[in-house]
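Here is the structure we will look at, set down as structure tokens.
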Amino acid sequence: MNMSQSRIILLLFCCFSIFAFGQVGINTSNPLSTLDINGNLSLKTVTLVGSASPTLIDDGVYISVRPMATNQEFRLPNAANFPGRVYVLRNIQNTFTARLTSSGGLLFPKNSTTGSTDVYMYEGNNRSLIVISDGINWTYFN
């Protein structure tokens with residue numbers, strides 16, 4: 001290996017080290033976290049329409065659920081497969097209740113040690129929820 005090739009390899013290694021262990025700032029020159037955004041953030045939004053079988057939640061971050069019958073099921077993925085995953089859910093149907101379940105893990109309300117297999121989303125109660133996977137179960141906030 002000649003001197004020119006050695007310098008290129010050293011430069012690539014230095015660049016990789018900076019990016020691999022550094023912090024990224026968007027619209028800031030002094031990021032204080034791994035990702036530091038000084039500005040607005042847009043998230044992928046989807047609308048899921050209920051069906052006879054459970055409607056799987058597997059895409060998007062802000063999810064509008066539209067049940068077409070009472071207690072229509074919308075199913076989160078297995079919490080163990082997606083630790084740290086966050087969804088914002090809203091029942092946009094005024095006349096029907098949406099039933100939120102999980103393919104794996106229980107649903108725990110914030111500040112509670114009692115989980116359940118389902119949560120009902122309807123007018124006046126849990127219409128909007130934020131759910132977060134801890135790698136075993138889902139915690140929800142309304």
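By order in the structure tokens, chains are A, B, ...; within a chain, residues start at 1; ligands start at 1, following the order shown.
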Identify, on the basis of only C-alpha atoms, every residue whose closest approach to Asn137 in chain A does not exceed 8 Å; exclude the query and any residue fewer than 4 positions from it along the same chain; express the result as a tab-separated table (two decimals) with N, CA and C atoms, in the first residue's frame.
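Saved the output as result_15.tsv:
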chain	number	residue	atom	x	y	z
A	79	ALA	N	-44.97	-6.35	20.97
A	79	ALA	CA	-44.10	-5.35	21.60
A	79	ALA	C	-42.65	-5.81	21.68
A	80	ALA	N	-42.43	-7.12	21.80
A	80	ALA	CA	-41.07	-7.66	21.90
A	80	ALA	C	-40.28	-7.46	20.61
A	104	GLY	N	-48.67	-9.29	20.79
A	104	GLY	CA	-47.82	-9.81	21.85
A	104	GLY	C	-47.56	-8.74	22.88
A	105	GLY	N	-47.78	-9.05	24.13
A	105	GLY	CA	-47.61	-8.08	25.21
A	105	GLY	C	-48.94	-7.50	25.62
A	106	LEU	N	-49.00	-7.07	26.87
A	106	LEU	CA	-50.22	-6.47	27.40
A	106	LEU	C	-50.20	-4.96	27.18
A	107	LEU	N	-51.34	-4.33	27.42
A	107	LEU	CA	-51.49	-2.88	27.32
A	107	LEU	C	-51.64	-2.33	28.74
A	108	PHE	N	-50.69	-1.48	29.14
A	108	PHE	CA	-50.69	-0.91	30.48
A	108	PHE	C	-50.99	0.59	30.41
A	133	SER	N	-43.80	0.85	23.09
A	133	SER	CA	-43.32	-0.50	23.43
A	133	SER	C	-42.09	-0.40	24.33
Quiz prompt | Residue nearest Asp36 in chain A - candidates A:Asn125, A:Asn71, A:Gln23, A:Asn78, atoms counted: only C-alpha atoms | solution = A:Gln23
Quiz item: Which polymer residues have any atom within 12 Å of an atom of range 88-100 of chain A, counting only C-alpha atoms, with same-chain residues fewer than 5 positions away left out, as a count of residues only?
Solution: 57
Quiz prompt | Å distance separating CA of Leu35 in chain A from CA of Pro109 in chain A, one decimal place | solution =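 Atom-to-atom, CA of Leu35 in chain A to CA of Pro109 in chain A, that is 28.0 Å.
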Practice problem: Check the DSSP output for the backbone and give back, as a PyMOL selection string, the residues of chain A in strand (DSSP E or B). | Solution: chain A and resi 24-26+35-37+45-49+55-56+62-66+72-76+86-91+98-102+107-109+116+118-122+125+128-133+138-141
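The space between CA of Asn111 in chain A and CA of Asp58 in chain A spans 26.1 Å.
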Exercise. Going by DSSP on the backbone, which bits of chain A are alpha helix (DSSP H)? Write them as a list of chain:residue names, please.
Key: A:Met3, A:Ser4, A:Gln5, A:Ser6, A:Arg7, A:Ile8, A:Ile9, A:Leu10, A:Leu11, A:Leu12, A:Phe13, A:Cys14, A:Cys15, A:Phe16, A:Ser17, A:Ile18, A:Phe19, A:Ala20, A:Phe21
Self-check item: Residue among A:Ser42, A:Asp134, A:Lys110, A:Ser102 lying closest to Val86 in chain A, counting only C-alpha atoms
Solution: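 Checking each of A:Ser42, A:Asp134, A:Lys110, A:Ser102 against Val86 in chain A, counting only C-alpha atoms, the winner is A:Asp134.
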